[in-house]
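I have placed the structure first, in the form of structure tokens, so that the comments after it can refer back to it.
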Amino acid sequence: MFKALKNVFGSIRSAISKGISEALGAIASREIRYDDIAKRSDELVVRLVEADIAYEVAEEIVIGVAKRLDGVRISRFEDLDAVVEDKLREAIKEILLRGVWKGDLVKLAAERKPLKLVFMGVNGVGKTTTIAKVARFFTKHGLKVLVVAGDTFRAGAQEQLAIHCSRLGVPFFRAKYGSDPGAVVYDAVRHAEKQGYDVVLIDTAGRQHTDRDLMEEIKKIVRVSKPDLKILVLDSLTGNDAVNQAREFDKYVGVDAAILTKLDANATGGSAISIIASIGKPIIFVGVGQGYDDLEQYDPEKILERIFGRE
Ligand SMILES: Nc1nc2c(ncn2[C@@H]2O[C@H](COP(=O)(O)OP(=O)(O)O)[C@@H](O)[C@H]2O)c(=O)[nH]1
Ligand SMILES: [Mg+2]
């Protein structure tokens with residue numbers, strides 16, 4: 001996970017250190033200047049872009065490091081690499097902090113009872129799998145979860161979810177194929193309220209985000225279920241496309257938070273960083289595998305550890 005990103009940040013750190021040492025020359029102690037880094041910025045940005053980091057994000061990282069190093073006094077005998085790495089880490093952390101979600105799902109479930117979460121996203125991003133993982137998250141906290149498929153048309157969509165639910169021992173609200181998704185979700189929410197469920201997880205059909213019918217269908221599901229959170233599931237491998245998906249879903253339906261899947265399959269990691277930097281939405285969880293427990297709460301420190309850690 002994030003191997004290439006680890007390597008590229010290592011090489012960036014060395015390139016910046018080298019530039020600073022050259023500027024330092026024979027002087028024993030000197031202040032680093034913004035320009036010592038900025039004059040190499042094109043080369044540094046290109047290296048980041050080659051690791052799948054979006055151009056604007058790469059620029060932001062390089063400028064962030066240059067600003068943080070500006071005015072730092074360093075002697076020739078100091079560990080320059082360590083100083084640079086520290087500033088690089090800070091610059092990336094500032095970007096990752098934008099994705100932090102300040103809520104607490106377990107607390108929310110107790111308050112709302114039932115807490116209603118609608119999951120949206122294009123086909124294949126990992127929506128159904130993620131719902132199964134989130135169901136597991138809540139049951140591990142001792143909460144009563146109901147899962148409902150708002151996708152009543154695609155053959156196999158309900159089946160897939162039903163199989164996950166039976167493996168997890170979580171009730172699944174069944175609907176007739178072809179029935180109106182809005183009506184099914186409405187009935188499911190009423191059922192959950194009557195039966196004292198803590199959480200209702202609502203899957204929706206995933207077609208393309210450019211598909212107006214899909215957007216109308218989700219809007220209707222949202223209207224009838226009045227979810228506490230509209231959660232967009234994004235595949236971390238898709239980079240800029242994920243950013244476009246976030247924009248479209250936000251425009252038509254509104255997005256409260258995101259879940260970023262397949263971090264484990266993300267060899268470079270650059271696209272994940274770019275998505276976190278650019279979607280303008282908090283991230284509740286990240287998916288780190290295909291198993292039910294492969295879901296982690298989004299934590300910038302954990303991501304930084306993957307990039308800069310020694311393992
Ligand atoms: N490696 C990995 N695979 C995932 C993750 N989340 C989902 N998948 C896989 O992505 C594929 C599509 O998932 P699915 O839930 O059916 O996507 P949906 O069409 O959005 O409902 C499946 O093979 C999942 O096992 C993840 O975090 N890591
Ligand atoms: Mg699905």
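A note on labels: chains of the structure tokens are A, B, ... as shown, every chain counts residues from 1, and ligands are counted from 1 in their shown order.
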- Selection as a PyMOL selection string: residues within 12 Å of ligand 2 by only C-alpha atoms and all ligand atoms: chain A and resi 119-132+148-162+164+202-207+233
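Nearest residue to Glu193 (chain A), choosing from A:Val288, A:Ile259, A:Leu146, A:Val46 and counting only C-alpha atoms: A:Leu146.
The neighbours of Ala4 (chain A) here are the residues that come within 7 Å of it, using only C-alpha atoms and leaving out any residue fewer than 6 positions away in the same chain; they are Ala51, Ala267 and Thr268 of chain A.
Within 7 Å of Ser274 (chain A), once only C-alpha atoms are used and residues closer than 2 positions along the same chain are dropped, the contacting residues are Ile53, Ala54, Val57, Gly239, Gly270, Ser271, Ala272, Ile276, Ala277 and Ser278 of chain A.
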Write the selection just made, keeping all heavy atoms, as a PDB file, in the first residue's frame?
```pdb
ATOM      1  N   ILE A  53      -0.333  12.036  -8.317  1.00  0.00           N
ATOM      2  CA  ILE A  53      -0.873  13.156  -7.544  1.00  0.00           C
ATOM      3  C   ILE A  53      -1.334  14.227  -8.533  1.00  0.00           C
ATOM      4  O   ILE A  53      -0.639  14.545  -9.494  1.00  0.00           O
ATOM      5  CB  ILE A  53       0.182  13.714  -6.566  1.00  0.00           C
ATOM      6  CG1 ILE A  53       0.530  12.632  -5.543  1.00  0.00           C
ATOM      7  CG2 ILE A  53      -0.301  14.998  -5.895  1.00  0.00           C
ATOM      8  CD1 ILE A  53       1.491  13.049  -4.475  1.00  0.00           C
ATOM      9  N   ALA A  54      -2.521  14.764  -8.306  1.00  0.00           N
ATOM     10  CA  ALA A  54      -3.057  15.785  -9.203  1.00  0.00           C
ATOM     11  C   ALA A  54      -2.146  17.012  -9.185  1.00  0.00           C
ATOM     12  O   ALA A  54      -1.551  17.331  -8.151  1.00  0.00           O
ATOM     13  CB  ALA A  54      -4.472  16.171  -8.773  1.00  0.00           C
ATOM     14  N   VAL A  57      -2.546  19.652  -6.462  1.00  0.00           N
ATOM     15  CA  VAL A  57      -2.194  19.120  -5.135  1.00  0.00           C
ATOM     16  C   VAL A  57      -0.670  19.035  -4.998  1.00  0.00           C
ATOM     17  O   VAL A  57      -0.103  19.376  -3.959  1.00  0.00           O
ATOM     18  CB  VAL A  57      -2.869  17.750  -4.902  1.00  0.00           C
ATOM     19  CG1 VAL A  57      -2.528  17.194  -3.528  1.00  0.00           C
ATOM     20  CG2 VAL A  57      -4.382  17.862  -5.075  1.00  0.00           C
ATOM     21  N   GLY A 239      -8.995   8.375  -8.878  1.00  0.00           N
ATOM     22  CA  GLY A 239      -8.397   9.712  -8.931  1.00  0.00           C
ATOM     23  C   GLY A 239      -9.347  10.817  -9.336  1.00  0.00           C
ATOM     24  O   GLY A 239     -10.354  11.057  -8.672  1.00  0.00           O
ATOM     25  N   GLY A 270      -1.069   8.064  -4.750  1.00  0.00           N
ATOM     26  CA  GLY A 270      -1.194   9.470  -5.156  1.00  0.00           C
ATOM     27  C   GLY A 270      -2.626   9.873  -5.440  1.00  0.00           C
ATOM     28  O   GLY A 270      -3.065  10.966  -5.082  1.00  0.00           O
ATOM     29  N   SER A 271      -3.382   8.961  -6.071  1.00  0.00           N
ATOM     30  CA  SER A 271      -4.763   9.320  -6.399  1.00  0.00           C
ATOM     31  C   SER A 271      -5.595   9.465  -5.122  1.00  0.00           C
ATOM     32  O   SER A 271      -6.468  10.329  -5.039  1.00  0.00           O
ATOM     33  CB  SER A 271      -5.386   8.298  -7.344  1.00  0.00           C
ATOM     34  OG  SER A 271      -5.395   7.017  -6.772  1.00  0.00           O
ATOM     35  N   ALA A 272      -5.302   8.653  -4.117  1.00  0.00           N
ATOM     36  CA  ALA A 272      -6.044   8.755  -2.852  1.00  0.00           C
ATOM     37  C   ALA A 272      -5.795  10.116  -2.203  1.00  0.00           C
ATOM     38  O   ALA A 272      -6.735  10.788  -1.778  1.00  0.00           O
ATOM     39  CB  ALA A 272      -5.636   7.632  -1.902  1.00  0.00           C
ATOM     40  N   ILE A 276      -8.667  13.034  -1.438  1.00  0.00           N
ATOM     41  CA  ILE A 276      -8.857  13.594  -0.096  1.00  0.00           C
ATOM     42  C   ILE A 276      -8.697  15.117  -0.148  1.00  0.00           C
ATOM     43  O   ILE A 276      -9.457  15.866   0.458  1.00  0.00           O
ATOM     44  CB  ILE A 276      -7.850  12.970   0.904  1.00  0.00           C
ATOM     45  CG1 ILE A 276      -8.110  11.473   1.063  1.00  0.00           C
ATOM     46  CG2 ILE A 276      -7.913  13.682   2.261  1.00  0.00           C
ATOM     47  CD1 ILE A 276      -6.966  10.684   1.697  1.00  0.00           C
ATOM     48  N   ALA A 277      -7.701  15.567  -0.928  1.00  0.00           N
ATOM     49  CA  ALA A 277      -7.407  16.997  -1.011  1.00  0.00           C
ATOM     50  C   ALA A 277      -8.493  17.768  -1.754  1.00  0.00           C
ATOM     51  O   ALA A 277      -8.748  18.931  -1.465  1.00  0.00           O
ATOM     52  CB  ALA A 277      -6.069  17.209  -1.718  1.00  0.00           C
ATOM     53  N   SER A 278      -9.150  17.088  -2.717  1.00  0.00           N
ATOM     54  CA  SER A 278      -9.978  17.848  -3.660  1.00  0.00           C
ATOM     55  C   SER A 278     -11.490  17.682  -3.560  1.00  0.00           C
ATOM     56  O   SER A 278     -12.214  18.482  -4.154  1.00  0.00           O
ATOM     57  CB  SER A 278      -9.567  17.501  -5.097  1.00  0.00           C
ATOM     58  OG  SER A 278      -8.177  17.537  -5.223  1.00  0.00           O
TER      59      SER A 278
END
```
- Can you list, as a PyMOL selection string, every protein, DNA or RNA residue that comes within 12 Å of Glu94 (chain A) when you count only C-alpha atoms, leaving out same-chain residues fewer than 3 positions away? chain A and resi 57+60-61+64-65+68+87-91+97-100+273+276-277+300-301+304
- Message: Could you go through region 33-204 of chain A and tell me which residues DSSP, when run on the backbone, assigns to alpha helix (DSSP H), listing them as an NGL selection string?
- Response: :A and (34-38 or 41-50 or 55-69 or 80-97 or 105-112 or 127-140 or 157-168 or 181-195)
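Candidate residues A:Tyr298, A:Phe308, A:Tyr197, A:Tyr292 were compared for distance to ligand 1, and the nearest is A:Tyr292, using only C-alpha atoms and all ligand atoms.
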- Message: Need the shell around region 80-83 of chain A: protein/DNA/RNA residues with any atom at most 8 Å away, counting only C-alpha atoms. Skip same-chain ones fewer than 2 positions apart. Format as a PyMOL selection string?
- Response: chain A and resi 13-14+17+74+78+85-87
How would the residues just picked look written out with N, CA and C atoms as a short mmCIF file (atom, residue, chain, number, x, y, z; two decimals), in the first residue's frame?
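The resulting file, result-v9.cif, is shown below:
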```cif
data_model
loop_
_atom_site.label_atom_id
_atom_site.label_comp_id
_atom_site.auth_asym_id
_atom_site.auth_seq_id
_atom_site.Cartn_x
_atom_site.Cartn_y
_atom_site.Cartn_z
N ARG A 13 12.30 14.47 -0.80
CA ARG A 13 13.04 14.92 0.38
C ARG A 13 14.53 15.05 0.04
N SER A 14 15.10 14.04 -0.64
CA SER A 14 16.52 14.08 -0.99
C SER A 14 16.81 15.24 -1.94
N SER A 17 16.76 18.49 0.01
CA SER A 17 17.96 18.56 0.86
C SER A 17 19.18 18.91 0.03
N ILE A 74 19.78 26.49 9.69
CA ILE A 74 20.32 25.14 9.68
C ILE A 74 21.84 25.20 9.59
N GLU A 78 23.83 19.69 10.68
CA GLU A 78 22.53 19.19 11.11
C GLU A 78 21.99 18.15 10.13
N GLU A 85 12.09 16.28 5.88
CA GLU A 85 11.01 15.28 5.98
C GLU A 85 9.92 15.76 6.93
N ASP A 86 10.34 16.37 8.01
CA ASP A 86 9.41 16.90 8.98
C ASP A 86 8.47 17.93 8.35
N LYS A 87 9.03 18.82 7.54
CA LYS A 87 8.22 19.86 6.90
C LYS A 87 7.32 19.27 5.80
#
```
- Message: So that I can check the surroundings of Met1 (chain A), please list as a PyMOL selection string every protein, DNA and RNA residue that reaches within 8 Å of it, counting only C-alpha atoms and ignoring chain neighbours fewer than 3 positions away.
- Response: chain A and resi 263-269+306
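The residue that comes closest to ligand 1, out of A:Lys133, A:Gly280, A:Asp228, A:Lys116 and on the basis of only C-alpha atoms and all ligand atoms, is A:Lys133.
CA of Lys262 (chain A) is positioned 25.4 Å from CA of Ser11 (chain A).
The residue that comes closest to Lys140 (chain A), out of A:Phe285, A:Ser41, A:Ala183, A:Asp293 and on the basis of only C-alpha atoms, is A:Asp293.
For region 79-162 of chain A, backbone-based DSSP labels the following residues as strand (DSSP E or B): Val100, Leu115, Lys116, Leu117, Val118, Phe119, Met120, Val145, Leu146, Val147, Val148 and Ala149 of chain A.
When CA of Val145 (chain A) is paired with CA of Gln245 (chain A), their separation reads 28.1 Å.
The interatomic distance for the pair CA of Lys281 (chain A) and CA of Ala257 (chain A) works out to 5.5 Å.
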- Nearest residue to Arg47 (chain A) from the set A:Ile20, A:Leu237, A:Val222, A:Val62 (distances using only C-alpha atoms): A:Val62
- Message: Using only C-alpha atoms and all ligand atoms, can you tell me which of A:Val84, A:Phe173, A:Asn7, A:Leu232 comes closest to ligand 1?
- Response: A:Leu232
